[in-house]
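Structure first, then comments.
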Protein chains: 2
Amino acid sequence: MYIIAMYDINTETKAGRKRLRHMFKLLKKYLIRIQNSVFEGELTKAKFEKMKYEVNDIIDSSKDSVIFFKSRDIKWMDKDICGFEKDDTDNFL
Amino acid sequence: MYIIAMYDINTETKAGRKRLRHMFKLLKKYLIRIQNSVFEGELTKAKFEKMKYEVNDIIDSSKDSVIFFKSRDIKWMDKDICGFEKDDTDNFL
């Protein structure tokens with residue numbers, strides 16, 4: 001299935017900035033980065049559940065938000081980009 | 001059709017911070033905010049094209065990125081949330 005993942009991590013504290021780094025590394029393991037805090041890619045259900053388990057392990061659920069949109073097939077989704085397109089090899093947070 | 005819109009606006013300059021405010025106000029006119037820079041909602045094709053025209057009017061396409069995912073029907077998309085869910089009435093950038 002096709003996944004779009006986006007996160008808002010509260011970085012007001014040192015712990016929050018650490019959570020942000022961990023979240024960035026985690027999602028880069030599974031998906032392709034298309035915007036600062038947005039990732040996309042194709043995953044099996046099992047891989048998605050494993051990623052989600054690891055996400056829940058990282059976040060402070062009272063301060064952080066991670067949203068996944070799942071579509072059974074990429075052909076049911078169109079993508080439109082205005083402005084520049086992020087280069088996935090860029091490792092800046 | 002169902003739209004997910006997400007933006008990365010370069011706010012290093014005063015002009016960039018102004019673009020961010022304008023983008024926030026624009027997308028709030030058409031969609032519901034679900035994360036700091038992510039919005040979702042149902043739009044007709046005509047309304048989507050009008051919003052996209054206004055987005056292109058705001059951005060500096062060498063510095064900013066706006067991505068739209070469009071699905072013909074919300075039933076083809078599942079949404080999963082980890083952590084807290086944003087309250088759309090919150091007007092903080």
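Ligands are numbered from 1 in the order shown, residues from 1 within each chain, and chains are lettered A, B, ... in the order they appear in the structure tokens.
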
Taking only C-alpha atoms into account, produce a table as a tab-separated table in which each residue of chain B with an atom at most 8 Å from an atom of chain A appears once, together with its shortest atom pair and the distance in Å to one decimal, ordered by chain and rising number.
```
residue	atom	partner	partner_atom	distance
B:Tyr7	CA	A:Gln35	CA	7.7
B:Asp8	CA	A:Gln35	CA	6.6
B:Gln35	CA	A:Asp8	CA	6.6
B:Asn36	CA	A:Asp8	CA	6.8
B:Val55	CA	A:Cys82	CA	7.7
B:Asn56	CA	A:Cys82	CA	6.5
B:Ile59	CA	A:Gly83	CA	7.0
B:Asp60	CA	A:Gly83	CA	6.9
B:Ser61	CA	A:Gly83	CA	3.7
B:Ser62	CA	A:Phe84	CA	5.8
B:Lys63	CA	A:Phe84	CA	6.7
B:Asp64	CA	A:Gly83	CA	5.5
B:Ser65	CA	A:Gly83	CA	4.6
B:Val66	CA	A:Cys82	CA	5.0
B:Ile67	CA	A:Ile81	CA	4.6
B:Phe68	CA	A:Asp80	CA	5.0
B:Phe69	CA	A:Lys79	CA	4.6
B:Lys70	CA	A:Asp78	CA	5.0
B:Ser71	CA	A:Met77	CA	4.8
B:Arg72	CA	A:Trp76	CA	7.1
B:Trp76	CA	A:Ser71	CA	6.0
B:Met77	CA	A:Ser71	CA	4.8
B:Asp78	CA	A:Lys70	CA	5.0
B:Lys79	CA	A:Phe69	CA	4.7
B:Asp80	CA	A:Phe68	CA	5.0
B:Ile81	CA	A:Ile67	CA	4.6
B:Cys82	CA	A:Val66	CA	5.0
B:Gly83	CA	A:Ser61	CA	3.8
B:Phe84	CA	A:Ser65	CA	5.2
B:Glu85	CA	A:Ser65	CA	6.5
B:Lys86	CA	A:Ser65	CA	7.9
```

Sel. of strand (DSSP E or B) residues, chain B, as a PyMOL selection string
chain B and resi 2-8+32-35+38-42+65-71+77-83

Determine, counting only C-alpha atoms, which protein, DNA and RNA residues have an atom within 10 Å of an atom of Lys18 of chain B; residues of the same chain fewer than 6 positions away are not included. Present the result as a compact mmCIF listing (two decimals) with C-alpha atoms, in the first residue's frame.
```txt
# COMPACT_ATOMS: atom_id res chain seq x y z
CA ILE B 9 7.87 27.84 3.12
CA THR B 11 11.11 31.68 6.44
CA PHE B 24 -1.70 29.72 6.06
CA ILE B 58 2.12 33.42 -3.17
```

As a VMD selection string, list the residues of chain B assigned to helix (DSSP H, G or I) by DSSP on the backbone atoms of this structure.
chain B and resid 14 to 30 45 to 58 74 to 76

Please report the interatomic distance between atom CA of Lys25 of chain B and atom CA of Glu40 of chain A in Å with one decimal.
25.9 Å
